[in-house]
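*Asks:* Have a peek at data_26.pdb (PDB, C-alpha atoms and all ligand atoms).
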```pdb
ATOM      1  CA  MET A  29      30.852 -34.794 -44.593
ATOM      2  CA  LYS A  30      27.179 -34.637 -43.853
ATOM      3  CA  ILE A  31      25.379 -31.874 -41.987
ATOM      4  CA  CYS A  32      22.042 -32.165 -40.238
ATOM      5  CA  ILE A  33      20.125 -28.882 -40.328
ATOM      6  CA  ILE A  34      17.392 -28.618 -37.720
ATOM      7  CA  ARG A  35      15.093 -25.872 -38.893
ATOM      8  CA  TYR A  36      11.663 -24.351 -39.312
ATOM      9  CA  GLY A  37       9.140 -25.583 -41.805
ATOM     10  CA  ILE A  38       8.793 -23.563 -45.010
ATOM     11  CA  LYS A  39       5.289 -22.490 -43.942
ATOM     12  CA  GLU A  40       6.693 -21.043 -40.727
ATOM     13  CA  LEU A  41       9.498 -19.346 -42.603
ATOM     14  CA  LYS A  42       6.968 -17.695 -44.898
ATOM     15  CA  LYS A  43       4.967 -16.518 -41.902
ATOM     16  CA  MET A  44       8.084 -14.733 -40.691
ATOM     17  CA  GLY A  45       7.891 -12.681 -43.874
ATOM     18  CA  GLY A  46       8.967 -13.004 -47.480
ATOM     19  CA  SER A  47       9.277 -16.034 -49.690
ATOM     20  CA  PHE A  48      11.381 -19.087 -48.959
ATOM     21  CA  LYS A  49      13.711 -18.185 -51.823
ATOM     22  CA  GLU A  50      14.519 -14.859 -50.183
ATOM     23  CA  SER A  51      15.141 -16.431 -46.802
ATOM     24  CA  GLU A  52      18.480 -16.877 -45.135
ATOM     25  CA  GLU A  53      17.808 -20.624 -44.848
ATOM     26  CA  TYR A  54      17.472 -20.934 -48.616
ATOM     27  CA  LYS A  55      20.689 -18.970 -49.095
ATOM     28  CA  ILE A  56      22.587 -21.220 -46.668
ATOM     29  CA  GLU A  57      21.251 -24.356 -48.339
ATOM     30  CA  GLN A  58      22.077 -23.064 -51.829
ATOM     31  CA  ALA A  59      25.618 -22.239 -50.712
ATOM     32  CA  LEU A  60      26.013 -25.756 -49.298
ATOM     33  CA  LYS A  61      24.831 -27.240 -52.596
ATOM     34  CA  LYS A  62      27.236 -25.043 -54.503
ATOM     35  CA  ARG A  63      30.094 -26.299 -52.355
ATOM     36  CA  ARG A  64      28.818 -29.878 -52.783
ATOM     37  CA  ILE A  65      28.402 -30.374 -49.058
ATOM     38  CA  GLU A  66      25.725 -32.905 -48.232
ATOM     39  CA  PHE A  67      23.011 -32.080 -45.756
ATOM     40  CA  ASP A  68      19.695 -33.424 -44.477
ATOM     41  CA  LEU A  69      16.881 -31.258 -43.254
ATOM     42  CA  TRP A  70      15.251 -32.074 -39.964
ATOM     43  CA  VAL A  71      12.163 -29.882 -39.930
ATOM     44  CA  THR A  72      11.133 -29.613 -36.286
ATOM     45  CA  PRO A  73       7.359 -29.096 -36.540
ATOM     46  CA  TYR A  74       7.004 -32.367 -38.448
ATOM     47  CA  ARG A  75       9.134 -34.463 -36.123
ATOM     48  CA  THR A  76       8.923 -36.052 -32.718
ATOM     49  CA  TYR A  77      11.808 -37.515 -30.759
ATOM     50  CA  THR A  78      11.925 -40.702 -28.761
ATOM     51  CA  ILE A  79      14.077 -40.499 -25.664
ATOM     52  CA  ASP A  80      15.827 -43.691 -26.588
ATOM     53  CA  LYS A  81      19.538 -44.120 -27.154
ATOM     54  CA  ASP A  82      19.045 -46.314 -30.252
ATOM     55  CA  PHE A  83      16.740 -43.794 -31.856
ATOM     56  CA  ILE A  84      19.029 -40.853 -31.140
ATOM     57  CA  ASN A  85      22.195 -42.643 -32.254
ATOM     58  CA  LYS A  86      20.599 -43.998 -35.417
ATOM     59  CA  THR A  87      19.045 -40.669 -36.310
ATOM     60  CA  PHE A  88      21.822 -38.236 -35.437
ATOM     61  CA  GLY A  89      24.978 -40.341 -34.992
ATOM     62  CA  LYS A  90      25.575 -40.446 -38.746
ATOM     63  CA  TYR A  91      26.221 -36.718 -39.064
ATOM     64  CA  ASN A  92      29.475 -34.818 -38.750
ATOM     65  CA  VAL A  93      27.828 -31.713 -37.363
ATOM     66  CA  ILE A  94      24.329 -30.594 -36.413
ATOM     67  CA  PHE A  95      23.330 -27.033 -37.294
ATOM     68  CA  VAL A  96      20.352 -25.584 -35.446
ATOM     69  CA  ARG A  97      18.316 -23.051 -37.391
ATOM     70  CA  ASP A  98      14.974 -23.434 -35.641
ATOM     71  CA  LYS A  99      14.585 -20.149 -33.835
ATOM     72  CA  ARG A 100      11.692 -21.391 -31.742
ATOM     73  CA  HIS A 101      13.766 -22.469 -28.823
ATOM     74  CA  TYR A 102      10.734 -23.168 -26.718
ATOM     75  CA  ARG A 103      10.537 -26.390 -28.641
ATOM     76  CA  THR A 104      14.213 -27.199 -29.198
ATOM     77  CA  VAL A 105      16.176 -26.514 -26.000
ATOM     78  CA  GLY A 106      15.151 -29.870 -24.466
ATOM     79  CA  ILE A 107      15.665 -31.750 -27.725
ATOM     80  CA  LEU A 108      19.223 -30.443 -28.123
ATOM     81  CA  GLU A 109      20.044 -31.671 -24.634
ATOM     82  CA  VAL A 110      18.587 -35.106 -25.400
ATOM     83  CA  ILE A 111      20.601 -35.376 -28.628
ATOM     84  CA  ASN A 112      23.749 -34.101 -26.953
ATOM     85  CA  ASP A 113      23.551 -36.369 -23.914
ATOM     86  CA  LEU A 114      22.386 -39.594 -25.567
ATOM     87  CA  LEU A 115      24.789 -39.780 -28.511
ATOM     88  CA  ASP A 116      27.518 -42.392 -27.951
ATOM     89  CA  VAL A 117      29.954 -40.409 -30.060
ATOM     90  CA  PRO A 118      29.132 -36.742 -29.608
ATOM     91  CA  VAL A 119      28.308 -34.920 -32.812
ATOM     92  CA  PRO A 120      29.016 -31.194 -32.411
ATOM     93  CA  ILE A 121      25.834 -29.144 -32.240
ATOM     94  CA  ILE A 122      26.111 -25.549 -33.397
ATOM     95  CA  ASN A 123      25.084 -23.866 -31.210
ATOM     96  CA  SER A 124      25.307 -26.336 -28.368
ATOM     97  CA  ALA A 125      22.445 -27.028 -25.978
ATOM     98  CA  GLU A 126      24.380 -25.208 -23.284
ATOM     99  CA  VAL A 127      24.895 -22.081 -25.398
ATOM    100  CA  ALA A 128      21.220 -22.141 -26.399
ATOM    101  CA  SER A 129      20.138 -22.292 -22.749
ATOM    102  CA  ASN A 130      22.514 -19.497 -21.770
ATOM    103  CA  CYS A 131      21.039 -17.228 -24.441
ATOM    104  CA  TRP A 132      17.444 -18.335 -24.315
ATOM    105  CA  ASP A 133      16.804 -17.110 -20.779
ATOM    106  CA  LYS A 134      17.795 -13.463 -20.444
ATOM    107  CA  LEU A 135      18.319 -13.882 -16.709
ATOM    108  CA  VAL A 136      21.017 -16.456 -17.376
ATOM    109  CA  THR A 137      22.636 -14.223 -20.004
ATOM    110  CA  THR A 138      22.682 -11.169 -17.739
ATOM    111  CA  LYS A 139      24.047 -13.204 -14.861
ATOM    112  CA  LEU A 140      26.915 -14.399 -17.060
ATOM    113  CA  LEU A 141      27.615 -10.859 -18.336
ATOM    114  CA  GLU A 142      27.697  -9.588 -14.759
ATOM    115  CA  LYS A 143      29.951 -12.425 -13.641
ATOM    116  CA  GLU A 144      32.552 -11.442 -16.238
ATOM    117  CA  ASN A 145      32.158  -7.692 -15.647
ATOM    118  CA  ILE A 146      30.798  -7.081 -19.140
ATOM    119  CA  PRO A 147      28.825  -3.808 -19.136
ATOM    120  CA  HIS A 148      25.044  -4.336 -19.403
ATOM    121  CA  PRO A 149      21.928  -2.350 -18.428
ATOM    122  CA  LYS A 150      21.270  -2.352 -14.689
ATOM    123  CA  THR A 151      18.708  -5.091 -14.000
ATOM    124  CA  VAL A 152      16.541  -5.990 -11.015
ATOM    125  CA  ILE A 153      14.564  -9.232 -10.871
ATOM    126  CA  GLY A 154      10.997  -8.438  -9.942
ATOM    127  CA  ASN A 155       8.265 -10.957  -9.251
ATOM    128  CA  ASP A 156       4.504 -11.427  -9.286
ATOM    129  CA  ASN A 157       4.104  -9.317  -6.156
ATOM    130  CA  VAL A 158       3.255  -6.217  -8.152
ATOM    131  CA  TYR A 159       3.739  -3.773  -5.280
ATOM    132  CA  VAL A 160       7.175  -5.100  -4.430
ATOM    133  CA  SER A 161       8.196  -4.750  -8.072
ATOM    134  CA  LEU A 162       6.801  -1.209  -8.200
ATOM    135  CA  LYS A 163       8.688  -0.308  -5.037
ATOM    136  CA  ALA A 164      11.890  -1.633  -6.594
ATOM    137  CA  ILE A 165      11.348   0.619  -9.612
ATOM    138  CA  GLU A 166      10.837   3.614  -7.349
ATOM    139  CA  LYS A 167      13.965   2.827  -5.367
ATOM    140  CA  GLU A 168      16.373   1.805  -8.129
ATOM    141  CA  PHE A 169      15.335   3.598 -11.317
ATOM    142  CA  ASN A 170      13.851   6.644 -12.941
ATOM    143  CA  TYR A 171      11.131   6.327 -15.578
ATOM    144  CA  PRO A 172      11.111   5.287 -18.351
ATOM    145  CA  VAL A 173      11.962   1.787 -17.275
ATOM    146  CA  VAL A 174      11.974  -1.494 -19.196
ATOM    147  CA  ILE A 175       9.965  -4.501 -18.029
ATOM    148  CA  LYS A 176      10.522  -7.831 -19.790
ATOM    149  CA  THR A 177       9.804 -11.477 -19.280
ATOM    150  CA  SER A 178      13.077 -13.343 -19.018
ATOM    151  CA  ILE A 179      12.115 -15.505 -21.986
ATOM    152  CA  GLY A 180      10.813 -13.825 -25.092
ATOM    153  CA  SER A 181      11.797 -12.688 -28.539
ATOM    154  CA  HIS A 182      10.998 -10.247 -31.344
ATOM    155  CA  GLY A 183      10.385  -7.577 -28.700
ATOM    156  CA  ASN A 184       6.993  -9.097 -27.929
ATOM    157  CA  ASN A 185       7.492  -9.275 -24.188
ATOM    158  CA  VAL A 186       9.479  -6.075 -23.794
ATOM    159  CA  PHE A 187       7.550  -3.133 -22.341
ATOM    160  CA  ILE A 188       9.002   0.336 -22.099
ATOM    161  CA  VAL A 189       6.915   2.120 -19.467
ATOM    162  CA  ASP A 190       6.961   5.841 -18.778
ATOM    163  CA  ASN A 191       5.264   6.072 -15.416
ATOM    164  CA  TYR A 192       3.945   4.267 -12.351
ATOM    165  CA  GLU A 193       0.523   3.649 -13.847
ATOM    166  CA  GLN A 194       1.882   1.970 -16.954
ATOM    167  CA  ALA A 195       4.323  -0.082 -14.904
ATOM    168  CA  LYS A 196       1.511  -1.264 -12.650
ATOM    169  CA  THR A 197      -0.647  -2.264 -15.628
ATOM    170  CA  VAL A 198       2.189  -4.240 -17.251
ATOM    171  CA  LEU A 199       3.288  -5.925 -14.029
ATOM    172  CA  THR A 200      -0.297  -6.838 -13.136
ATOM    173  CA  LYS A 201      -0.836  -8.354 -16.554
ATOM    174  CA  LEU A 202       2.477 -10.265 -16.516
ATOM    175  CA  SER A 203       1.955 -11.508 -12.971
ATOM    176  CA  ARG A 204      -1.120 -13.372 -14.211
ATOM    177  CA  GLY A 205       0.753 -14.849 -17.146
ATOM    178  CA  ASN A 206       3.029 -17.863 -17.237
ATOM    179  CA  PHE A 207       2.333 -19.809 -14.071
ATOM    180  CA  TYR A 208       5.782 -21.421 -14.036
ATOM    181  CA  LYS A 209       8.000 -18.409 -14.629
ATOM    182  CA  ARG A 210       7.207 -15.143 -12.974
ATOM    183  CA  GLU A 211      10.586 -13.558 -12.583
ATOM    184  CA  PHE A 212      10.490 -10.299 -14.461
ATOM    185  CA  TYR A 213      13.244  -8.130 -15.693
ATOM    186  CA  ILE A 214      13.082  -4.574 -14.504
ATOM    187  CA  GLN A 215      15.755  -2.736 -16.381
ATOM    188  CA  GLU A 216      17.319   0.648 -16.739
ATOM    189  CA  TYR A 217      16.103   2.278 -19.961
ATOM    190  CA  ILE A 218      19.123   2.938 -22.129
ATOM    191  CA  LYS A 219      18.803   6.284 -23.866
ATOM    192  CA  ALA A 220      20.033   5.209 -27.267
ATOM    193  CA  ASP A 221      17.222   6.702 -29.355
ATOM    194  CA  GLY A 222      15.750   3.281 -30.151
ATOM    195  CA  LYS A 223      19.027   2.082 -31.644
ATOM    196  CA  ASP A 224      21.276  -0.877 -30.971
ATOM    197  CA  ILE A 225      23.982  -2.739 -32.828
ATOM    198  CA  ARG A 226      23.666  -6.327 -33.914
ATOM    199  CA  CYS A 227      26.994  -8.124 -34.299
ATOM    200  CA  LEU A 228      27.205 -11.506 -35.947
ATOM    201  CA  VAL A 229      29.938 -13.348 -34.098
ATOM    202  CA  ILE A 230      31.290 -16.571 -35.547
ATOM    203  CA  GLY A 231      33.830 -18.283 -33.312
ATOM    204  CA  ASP A 232      36.365 -15.637 -32.328
ATOM    205  CA  LYS A 233      35.467 -13.073 -35.000
ATOM    206  CA  VAL A 234      32.861 -10.384 -35.534
ATOM    207  CA  VAL A 235      31.973 -11.266 -39.106
ATOM    208  CA  ALA A 236      29.411  -8.526 -39.771
ATOM    209  CA  GLN A 237      27.414  -5.922 -37.932
ATOM    210  CA  TYR A 238      24.757  -3.267 -38.482
ATOM    211  CA  MET A 239      22.745  -0.802 -36.487
ATOM    212  CA  ARG A 240      19.043  -1.449 -35.898
ATOM    213  CA  THR A 241      16.881   1.602 -35.458
ATOM    214  CA  ALA A 242      13.320   1.651 -34.201
ATOM    215  CA  VAL A 243      10.890   3.556 -36.358
ATOM    216  CA  LYS A 244       9.325   6.216 -34.145
ATOM    217  CA  PRO A 245       7.174   6.223 -32.069
ATOM    218  CA  GLU A 246       8.326   2.616 -31.515
ATOM    219  CA  ARG A 247      11.345   2.503 -29.184
ATOM    220  CA  ARG A 248      12.191  -1.172 -29.670
ATOM    221  CA  SER A 249      14.575  -1.834 -32.533
ATOM    222  CA  ASN A 250      13.449  -5.371 -33.450
ATOM    223  CA  ILE A 251      13.132  -5.916 -37.184
ATOM    224  CA  HIS A 252       9.870  -7.766 -36.462
ATOM    225  CA  LEU A 253       8.496  -4.553 -34.995
ATOM    226  CA  GLY A 254       9.406  -2.554 -38.075
ATOM    227  CA  GLY A 255      13.004  -1.712 -37.083
ATOM    228  CA  LYS A 256      15.313  -0.787 -39.935
ATOM    229  CA  GLY A 257      18.962  -1.547 -40.430
ATOM    230  CA  ILE A 258      21.689   0.927 -41.271
ATOM    231  CA  LYS A 259      25.404   0.473 -41.802
ATOM    232  CA  TYR A 260      27.666   0.601 -38.775
ATOM    233  CA  GLU A 261      31.435   0.325 -38.883
ATOM    234  CA  LEU A 262      33.191  -2.064 -36.562
ATOM    235  CA  ASN A 263      35.627  -0.562 -34.057
ATOM    236  CA  LYS A 264      37.927  -2.036 -31.410
ATOM    237  CA  ASP A 265      35.606  -1.356 -28.438
ATOM    238  CA  LEU A 266      32.584  -2.832 -30.186
ATOM    239  CA  GLU A 267      34.568  -5.849 -31.303
ATOM    240  CA  LYS A 268      35.866  -6.386 -27.790
ATOM    241  CA  ILE A 269      32.480  -6.357 -26.062
ATOM    242  CA  ALA A 270      30.859  -8.487 -28.796
ATOM    243  CA  LEU A 271      33.548 -11.170 -28.475
ATOM    244  CA  ARG A 272      33.536 -11.093 -24.677
ATOM    245  CA  ALA A 273      29.734 -11.425 -24.605
ATOM    246  CA  SER A 274      29.819 -14.257 -27.110
ATOM    247  CA  ASN A 275      32.497 -16.106 -25.122
ATOM    248  CA  VAL A 276      30.649 -15.773 -21.867
ATOM    249  CA  VAL A 277      27.692 -17.812 -23.175
ATOM    250  CA  GLY A 278      29.987 -20.407 -24.728
ATOM    251  CA  GLY A 279      30.600 -19.081 -28.249
ATOM    252  CA  GLY A 280      29.439 -20.286 -31.648
ATOM    253  CA  ILE A 281      27.388 -18.489 -34.298
ATOM    254  CA  LEU A 282      25.682 -15.756 -32.321
ATOM    255  CA  GLY A 283      23.868 -12.463 -32.696
ATOM    256  CA  VAL A 284      25.121 -10.121 -29.989
ATOM    257  CA  ASP A 285      23.011  -7.013 -29.384
ATOM    258  CA  ILE A 286      24.800  -3.993 -27.995
ATOM    259  CA  PHE A 287      23.693  -0.498 -26.970
ATOM    260  CA  GLU A 288      25.896   2.483 -27.672
ATOM    261  CA  THR A 289      25.665   4.801 -24.647
ATOM    262  CA  LYS A 290      27.477   7.903 -23.478
ATOM    263  CA  ASP A 291      29.348   5.617 -21.046
ATOM    264  CA  GLY A 292      30.449   3.216 -23.757
ATOM    265  CA  TYR A 293      28.955   0.019 -25.149
ATOM    266  CA  LYS A 294      26.614  -2.173 -23.110
ATOM    267  CA  ALA A 295      25.591  -5.697 -24.040
ATOM    268  CA  ASN A 296      21.841  -6.290 -24.046
ATOM    269  CA  GLU A 297      21.198  -9.825 -25.161
ATOM    270  CA  ILE A 298      22.667 -12.643 -27.194
ATOM    271  CA  ASN A 299      20.661 -14.520 -29.803
ATOM    272  CA  GLU A 300      21.451 -18.197 -30.216
ATOM    273  CA  THR A 301      19.893 -18.528 -33.679
ATOM    274  CA  PRO A 302      20.443 -15.109 -35.174
ATOM    275  CA  GLU A 303      18.227 -13.984 -37.980
ATOM    276  CA  LEU A 304      20.322 -12.905 -40.914
ATOM    277  CA  ASN A 305      18.002 -11.293 -43.454
ATOM    278  CA  GLU A 306      18.460  -7.655 -42.430
ATOM    279  CA  LEU A 307      22.161  -8.155 -41.669
ATOM    280  CA  LEU A 308      22.676  -9.591 -45.161
ATOM    281  CA  ARG A 309      20.607  -6.823 -46.738
ATOM    282  CA  ILE A 310      22.732  -4.127 -45.086
ATOM    283  CA  ASN A 311      25.972  -5.957 -45.884
ATOM    284  CA  LYS A 312      24.798  -6.942 -49.372
ATOM    285  CA  LYS A 313      28.198  -6.924 -51.006
ATOM    286  CA  ASP A 314      29.508  -9.385 -48.394
ATOM    287  CA  GLU A 315      26.455 -11.652 -48.428
ATOM    288  CA  LYS A 316      28.191 -14.663 -49.997
ATOM    289  CA  LYS A 317      31.257 -14.172 -47.816
ATOM    290  CA  ILE A 318      29.175 -14.116 -44.620
ATOM    291  CA  ILE A 319      27.236 -17.245 -45.534
ATOM    292  CA  ASN A 320      30.430 -19.038 -46.466
ATOM    293  CA  LYS A 321      31.952 -18.092 -43.116
ATOM    294  CA  ILE A 322      28.998 -19.770 -41.411
ATOM    295  CA  ILE A 323      29.587 -22.884 -43.485
ATOM    296  CA  ASP A 324      33.354 -22.760 -42.866
ATOM    297  CA  TYR A 325      32.682 -22.658 -39.124
ATOM    298  CA  LEU A 326      30.441 -25.726 -39.364
ATOM    299  CA  LEU A 327      33.147 -27.578 -41.276
ATOM    300  CA  GLU A 328      35.896 -26.510 -38.854
ATOM    301  CA  ASN A 329      33.889 -27.861 -35.935
ATOM    302  CA  ALA A 330      32.651 -31.048 -37.606
ATOM    303  CA  ILE A 331      34.009 -34.430 -36.564
TER     304      ILE A 331
HETATM  305  N1  LIG B   1      17.163  -1.663 -21.269
HETATM  306  C1  LIG B   1      16.753  -1.213 -22.442
HETATM  307  N2  LIG B   1      16.864   0.103 -22.766
HETATM  308  C2  LIG B   1      16.422   0.577 -23.958
HETATM  309  N3  LIG B   1      15.858  -0.188 -24.896
HETATM  310  C3  LIG B   1      15.714  -1.513 -24.636
HETATM  311  C4  LIG B   1      16.158  -2.086 -23.401
HETATM  312  N4  LIG B   1      15.896  -3.405 -23.438
HETATM  313  C5  LIG B   1      15.330  -3.663 -24.628
HETATM  314  N5  LIG B   1      15.225  -2.518 -25.359
HETATM  315  C6  LIG B   1      14.695  -2.399 -26.726
HETATM  316  O1  LIG B   1      13.755  -3.426 -26.946
HETATM  317  C7  LIG B   1      14.236  -4.345 -27.942
HETATM  318  C8  LIG B   1      13.872  -5.769 -27.569
HETATM  319  O2  LIG B   1      14.472  -6.112 -26.321
HETATM  320  P1  LIG B   1      15.305  -7.428 -26.092
HETATM  321  O3  LIG B   1      15.814  -7.394 -24.715
HETATM  322  O4  LIG B   1      16.310  -7.538 -27.178
HETATM  323  O5  LIG B   1      14.223  -8.582 -26.223
HETATM  324  P2  LIG B   1      13.831  -9.565 -27.440
HETATM  325  O6  LIG B   1      14.451 -10.881 -27.094
HETATM  326  O7  LIG B   1      12.350  -9.655 -27.420
HETATM  327  O8  LIG B   1      14.403  -8.992 -28.706
HETATM  328  C9  LIG B   1      15.725  -4.097 -28.012
HETATM  329  O9  LIG B   1      16.227  -4.440 -29.279
HETATM  330  C10 LIG B   1      15.831  -2.609 -27.727
HETATM  331  O10 LIG B   1      15.571  -1.838 -28.875
HETATM  332 MG    MG B   2      16.443  -8.659 -28.969
END
```
Once more with this new file: its structure as structure tokens, please.
Ligand SMILES: Nc1ncnc2c1ncn2[C@@H]1O[C@H](COP(=O)(O)OP(=O)(O)O)[C@@H](O)[C@H]1O
Ligand SMILES: [Mg+2]
*Replies:*
Amino acid sequence: MKICIIRYGIKELKKMGGSFKESEEYKIEQALKKRRIEFDLWVTPYRTYTIDKDFINKTFGKYNVIFVRDKRHYRTVGILEVINDLLDVPVPIINSAEVASNCWDKLVTTKLLEKENIPHPKTVIGNDNVYVSLKAIEKEFNYPVVIKTSIGSHGNNVFIVDNYEQAKTVLTKLSRGNFYKREFYIQEYIKADGKDIRCLVIGDKVVAQYMRTAVKPERRSNIHLGGKGIKYELNKDLEKIALRASNVVGGGILGVDIFETKDGYKANEINETPELNELLRINKKDEKKIINKIIDYLLENAI
């Protein structure tokens, strides 16, 4: 058994906060060592890939499973597809290129949620015609409203706007941004007091969960924006929506983010390389168990 871990460089991990030894990657690697499971590290920023069958088969064909822990999908989505499609004998990739693509673009995720009737915030796709987008807001929503780029993470491209003026400023700015992708999310603002629930789904189980709360006046719950975790007990409804949402993108090891609303749970987004630090901190007593469940899943799916 040999695992290939595709991940960040240590420098990048440190930039994300904390020391390498406190990071989830270190904990996973230590647990693998403890269980005497061999692995190689493939540190993305120091590697290039040749689109050549020999290269791909020689480099990746020797593994039993490939585990993707590089959260910068802007540089891995294409690579995963190349590895997946050029291997003579497919080595399972966790999560697969398809799952990564389904999660990476929020438009794709929301489309899949809608297709399977999984509750999610009402969403309109606006574009770089600012006035058309503003008209859509007027017609379909009440302020506050949420404007997002369909690709983004850590809350960086999520704008909660309270009025027409703010919406116009954000839309004008975004419409001059990425030349190749100007489909914007315009979304119902869910009144959940800056809170949402992060579920770690592994295969067909919710393995752990916690509630993320924005620290006021911030309304976005992302840990990278100062959000804090608190304990949250699993219940049948939460479990059901988390598993349905995970299945709809193809399943694997996923972070499913869910709003609790007065009309029940609504799925917001699904993270293909979930960060684990806060989840492990909140579920401290289960830390080893959670990491071992990740490893068990890799082993179960290995060839
Ligand atoms: N429709 C919404 N209603 C209320 N809050 C939202 C909504 N969409 C996003 N947020 C808040 O902003 C945060 C970041 O949005 P999200 O869609 O998860 O993008 P990212 O990929 O950048 O994390 C969420 O965790 C949530 O706290
Ligand atoms: Mg998010």
*Asks:* Pick out the residues no farther than 9 Å from ligand LIG 1 (chain B), counting only C-alpha atoms and all ligand atoms, and list them as a ChimeraX atom specification.
*Replies:* /A:132,134,148-151,172-188,214-226,240-242,246-251,255,285-287,296-299
*Asks:* In Å, how far is it from CA of Ile111 in chain A to CA of Ile84 in chain A?
*Replies:*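 Taking CA of Ile111 in chain A and CA of Ile84 in chain A, their separation equals 6.2 Å.
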*Asks:* May I ask which of the residues A:Lys259, A:Lys39, A:Lys294, A:Lys321 is the closest one to Gly231 in chain A, counting only C-alpha atoms?
*Replies:* A:Lys321
*Asks:* Check the smallest atom-to-atom distance from each of A:Val235, A:Ile56, A:Cys227, A:Leu326 to ligand MG 2 (chain B) using only C-alpha atoms and all ligand atoms, then report the winner.
*Replies:*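 Once distances to ligand MG 2 (chain B) are computed over only C-alpha atoms and all ligand atoms, the minimum belongs to A:Cys227.
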*Asks:* Residues near Val136 in chain A, anyone? I mean within 10 Å using all atoms listed in the file, not counting same-chain ones fewer than 6 positions away, as a PyMOL selection string.
*Replies:* chain A and resi 129-130+142+178+277
*Asks:* Please write N, CA and C atoms of range 54-65 of chain A, from the structure given just now, as a short mmCIF file (atom, residue, chain, number, x, y, z; two decimals), in the first residue's frame.
*Replies:*
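The file below, result22.cif, is the result:
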```cif
data_model
loop_
_atom_site.label_atom_id
_atom_site.label_comp_id
_atom_site.auth_asym_id
_atom_site.auth_seq_id
_atom_site.Cartn_x
_atom_site.Cartn_y
_atom_site.Cartn_z
N TYR A 54 0.14 17.69 8.95
CA TYR A 54 1.13 17.02 9.81
C TYR A 54 0.44 15.90 10.59
N LYS A 55 -0.76 16.19 11.09
CA LYS A 55 -1.47 15.18 11.89
C LYS A 55 -1.81 13.95 11.04
N ILE A 56 -2.24 14.21 9.79
CA ILE A 56 -2.57 13.08 8.90
C ILE A 56 -1.30 12.26 8.63
N GLU A 57 -0.22 12.96 8.34
CA GLU A 57 1.03 12.25 8.01
C GLU A 57 1.58 11.48 9.21
N GLN A 58 1.46 12.05 10.40
CA GLN A 58 1.90 11.34 11.60
C GLN A 58 1.06 10.08 11.83
N ALA A 59 -0.25 10.22 11.59
CA ALA A 59 -1.13 9.06 11.79
C ALA A 59 -0.80 7.96 10.79
N LEU A 60 -0.46 8.35 9.56
CA LEU A 60 -0.07 7.34 8.56
C LEU A 60 1.20 6.62 9.01
N LYS A 61 2.15 7.40 9.51
CA LYS A 61 3.42 6.80 9.97
C LYS A 61 3.16 5.82 11.11
N LYS A 62 2.29 6.25 12.01
CA LYS A 62 1.97 5.41 13.16
C LYS A 62 1.37 4.07 12.71
N ARG A 63 0.56 4.15 11.66
CA ARG A 63 -0.07 2.92 11.16
C ARG A 63 0.82 2.20 10.13
N ARG A 64 2.03 2.70 9.97
CA ARG A 64 3.02 2.13 9.04
C ARG A 64 2.48 2.02 7.62
N ILE A 65 1.80 3.08 7.20
CA ILE A 65 1.31 3.14 5.83
C ILE A 65 2.23 4.07 5.06
#
```
